[in-house]
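Novice: Here it is, the structure in full.
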Amino acid sequence: MEAFLITGALSPEAVVAAGVCGRIAAAVATGTLPILPGGSFRIRLTLAFALAVVAVPMALAVQSTPTARPIGPLLPVLAGELLVGLLMGTAAAAVLAATAWAGGILGSVSGLSWSDDFDPAAAGESAGIARLAWWVGLAAFFTAGGQLAVVGGLIDSVRHIPVGTAFGASPQEWLVTLAVTTPGVAISLAAMLAMPALVAVMAFHLASAICLRSIPFSPGHGLLQGLGSLVLLTSLWLGAEAWAGGSAIMMMRSIDACFGGR
């Protein structure tokens, strides 16, 4: 009863503003995890507030058009907007984390473990190369202006998916497409980045196994792992252009597929 009174007392403009804030907050909370894994709550709140200040007037302008649907009660609207923001933030986070996934695949195959040399409590053998791949991909993403595409897509979403229409026919179809497309896009991006170096490392392991079975030789402890790491680093060095430039192009296409496919 109290919830009914509270929601009934709110004007449509207040419900729209609350819905926009919920969408932006959910998107920022999930989308910034790959970029600001150690960011404080205050930083995320400030970023969400800045984006909401820009998005709320646009959402109110869309709501004031003659073709706009009447806004519903606060709780259903807020639930729908939180879902929209969660899916959009997850889409951005998955694409941004694709390079780290690719590095994790390569680190697991090669056994390259830089992080253990500096931090014994680091997460697994692949943490070093995964972190390197993450930095390279993130730098390429920012250089290509990917952050502007994400911010622009998030703000522009209040015009393509007006507040309160998340469970409508067309928005629902877009949300399902976003939820299904995002994992596939991120996994394919990680596979495309990791495949050349992965083939080189696997070829080295196969050649090493054949040589060790053909020649009576007992390698020292860590020799094969060290040589495999050199093969991986050489592959990354030769493919630096693909990691730096190609990853940015593929991430921008992925962001456009996730946010521009409305």
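Just remember, in the structure tokens the first chain shown is A, the second B, etc., residues are 1-based per chain, and ligands are 1-based in the order shown.
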Determine, using only C-alpha atoms, which residues of stretch 131-244 of chain A have any atom at most 10 Å from an atom of stretch 84-107 of chain A, and tabulate each with its shortest atom pair and distance in Å to one decimal place, rows ordered by chain and then rising number, as JSON lines.
Specialist:
```
{"residue": "A:Arg131", "atom": "CA", "partner": "A:Ala100", "partner_atom": "CA", "distance": 6.4}
{"residue": "A:Leu132", "atom": "CA", "partner": "A:Gly103", "partner_atom": "CA", "distance": 7.5}
{"residue": "A:Ala133", "atom": "CA", "partner": "A:Gly103", "partner_atom": "CA", "distance": 5.2}
{"residue": "A:Trp134", "atom": "CA", "partner": "A:Ala100", "partner_atom": "CA", "distance": 4.5}
{"residue": "A:Trp135", "atom": "CA", "partner": "A:Ala100", "partner_atom": "CA", "distance": 8.3}
{"residue": "A:Val136", "atom": "CA", "partner": "A:Thr99", "partner_atom": "CA", "distance": 8.0}
{"residue": "A:Gly137", "atom": "CA", "partner": "A:Thr99", "partner_atom": "CA", "distance": 5.7}
{"residue": "A:Leu138", "atom": "CA", "partner": "A:Leu96", "partner_atom": "CA", "distance": 7.0}
{"residue": "A:Phe141", "atom": "CA", "partner": "A:Leu96", "partner_atom": "CA", "distance": 8.0}
{"residue": "A:Gly146", "atom": "CA", "partner": "A:Leu96", "partner_atom": "CA", "distance": 9.6}
{"residue": "A:Gln147", "atom": "CA", "partner": "A:Ala92", "partner_atom": "CA", "distance": 9.7}
{"residue": "A:Val150", "atom": "CA", "partner": "A:Ala92", "partner_atom": "CA", "distance": 7.2}
{"residue": "A:Gly153", "atom": "CA", "partner": "A:Met88", "partner_atom": "CA", "distance": 9.1}
{"residue": "A:Leu154", "atom": "CA", "partner": "A:Met88", "partner_atom": "CA", "distance": 7.5}
{"residue": "A:Ser157", "atom": "CA", "partner": "A:Val84", "partner_atom": "CA", "distance": 9.2}
{"residue": "A:Ile161", "atom": "CA", "partner": "A:Val84", "partner_atom": "CA", "distance": 8.9}
{"residue": "A:Val163", "atom": "CA", "partner": "A:Val84", "partner_atom": "CA", "distance": 9.7}
{"residue": "A:Ala166", "atom": "CA", "partner": "A:Val84", "partner_atom": "CA", "distance": 6.9}
{"residue": "A:Phe167", "atom": "CA", "partner": "A:Val84", "partner_atom": "CA", "distance": 9.8}
{"residue": "A:Pro171", "atom": "CA", "partner": "A:Val84", "partner_atom": "CA", "distance": 9.3}
{"residue": "A:Gln172", "atom": "CA", "partner": "A:Val84", "partner_atom": "CA", "distance": 9.6}
{"residue": "A:Trp174", "atom": "CA", "partner": "A:Val84", "partner_atom": "CA", "distance": 9.9}
{"residue": "A:Leu175", "atom": "CA", "partner": "A:Val84", "partner_atom": "CA", "distance": 7.2}
{"residue": "A:Val176", "atom": "CA", "partner": "A:Leu87", "partner_atom": "CA", "distance": 9.4}
{"residue": "A:Leu178", "atom": "CA", "partner": "A:Leu87", "partner_atom": "CA", "distance": 7.1}
{"residue": "A:Ala179", "atom": "CA", "partner": "A:Leu87", "partner_atom": "CA", "distance": 6.4}
{"residue": "A:Val180", "atom": "CA", "partner": "A:Ala91", "partner_atom": "CA", "distance": 9.9}
{"residue": "A:Thr181", "atom": "CA", "partner": "A:Ala91", "partner_atom": "CA", "distance": 8.7}
{"residue": "A:Thr182", "atom": "CA", "partner": "A:Ala91", "partner_atom": "CA", "distance": 5.4}
{"residue": "A:Pro183", "atom": "CA", "partner": "A:Ala94", "partner_atom": "CA", "distance": 7.0}
{"residue": "A:Gly184", "atom": "CA", "partner": "A:Ala94", "partner_atom": "CA", "distance": 9.7}
{"residue": "A:Val185", "atom": "CA", "partner": "A:Val95", "partner_atom": "CA", "distance": 7.4}
{"residue": "A:Ala186", "atom": "CA", "partner": "A:Val95", "partner_atom": "CA", "distance": 5.0}
{"residue": "A:Ile187", "atom": "CA", "partner": "A:Ala98", "partner_atom": "CA", "distance": 6.9}
{"residue": "A:Ser188", "atom": "CA", "partner": "A:Ala98", "partner_atom": "CA", "distance": 8.6}
{"residue": "A:Leu189", "atom": "CA", "partner": "A:Ala98", "partner_atom": "CA", "distance": 6.2}
{"residue": "A:Ala190", "atom": "CA", "partner": "A:Ala102", "partner_atom": "CA", "distance": 4.6}
{"residue": "A:Ala191", "atom": "CA", "partner": "A:Ala102", "partner_atom": "CA", "distance": 6.5}
{"residue": "A:Met192", "atom": "CA", "partner": "A:Ala102", "partner_atom": "CA", "distance": 8.3}
{"residue": "A:Leu193", "atom": "CA", "partner": "A:Ala102", "partner_atom": "CA", "distance": 6.2}
{"residue": "A:Ala194", "atom": "CA", "partner": "A:Ala102", "partner_atom": "CA", "distance": 5.0}
{"residue": "A:Met195", "atom": "CA", "partner": "A:Ala102", "partner_atom": "CA", "distance": 8.5}
{"residue": "A:Ala197", "atom": "CA", "partner": "A:Leu106", "partner_atom": "CA", "distance": 7.3}
{"residue": "A:Leu198", "atom": "CA", "partner": "A:Leu106", "partner_atom": "CA", "distance": 6.1}
{"residue": "A:Val199", "atom": "CA", "partner": "A:Leu106", "partner_atom": "CA", "distance": 9.8}
{"residue": "A:Val201", "atom": "CA", "partner": "A:Leu106", "partner_atom": "CA", "distance": 8.2}
{"residue": "A:Met202", "atom": "CA", "partner": "A:Leu106", "partner_atom": "CA", "distance": 9.9}
{"residue": "A:Ser229", "atom": "CA", "partner": "A:Gly107", "partner_atom": "CA", "distance": 8.7}
{"residue": "A:Leu232", "atom": "CA", "partner": "A:Leu106", "partner_atom": "CA", "distance": 7.7}
{"residue": "A:Trp243", "atom": "CA", "partner": "A:Thr99", "partner_atom": "CA", "distance": 8.4}
```
Novice: So how far away is atom CA of A:Leu82 from atom CA of A:Val53, in Å?
Specialist: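 Distance reported for this atom pair: 17.3 Å.
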Novice: Write out as a ChimeraX atom specification all residues of stretch 31-153 of chain A that backbone DSSP assigns to helix (DSSP H, G or I).
Specialist: /A:31,41-63,74-96,98-110,115-118,127-143,146-153
Novice: Give the answer as one residue: which of A:Ile215, A:Leu236, A:Ala26, A:Ala149 has the shortest atom-to-atom distance to A:Leu78, using only C-alpha atoms?
Specialist: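 Looking at the shortest contact to A:Leu78, the residue is A:Ala26.
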Novice: Could you check which of A:Met251, A:Ile24, A:Leu83, A:Leu60 is closest to A:Leu45, using only C-alpha atoms?
Specialist: A:Ile24
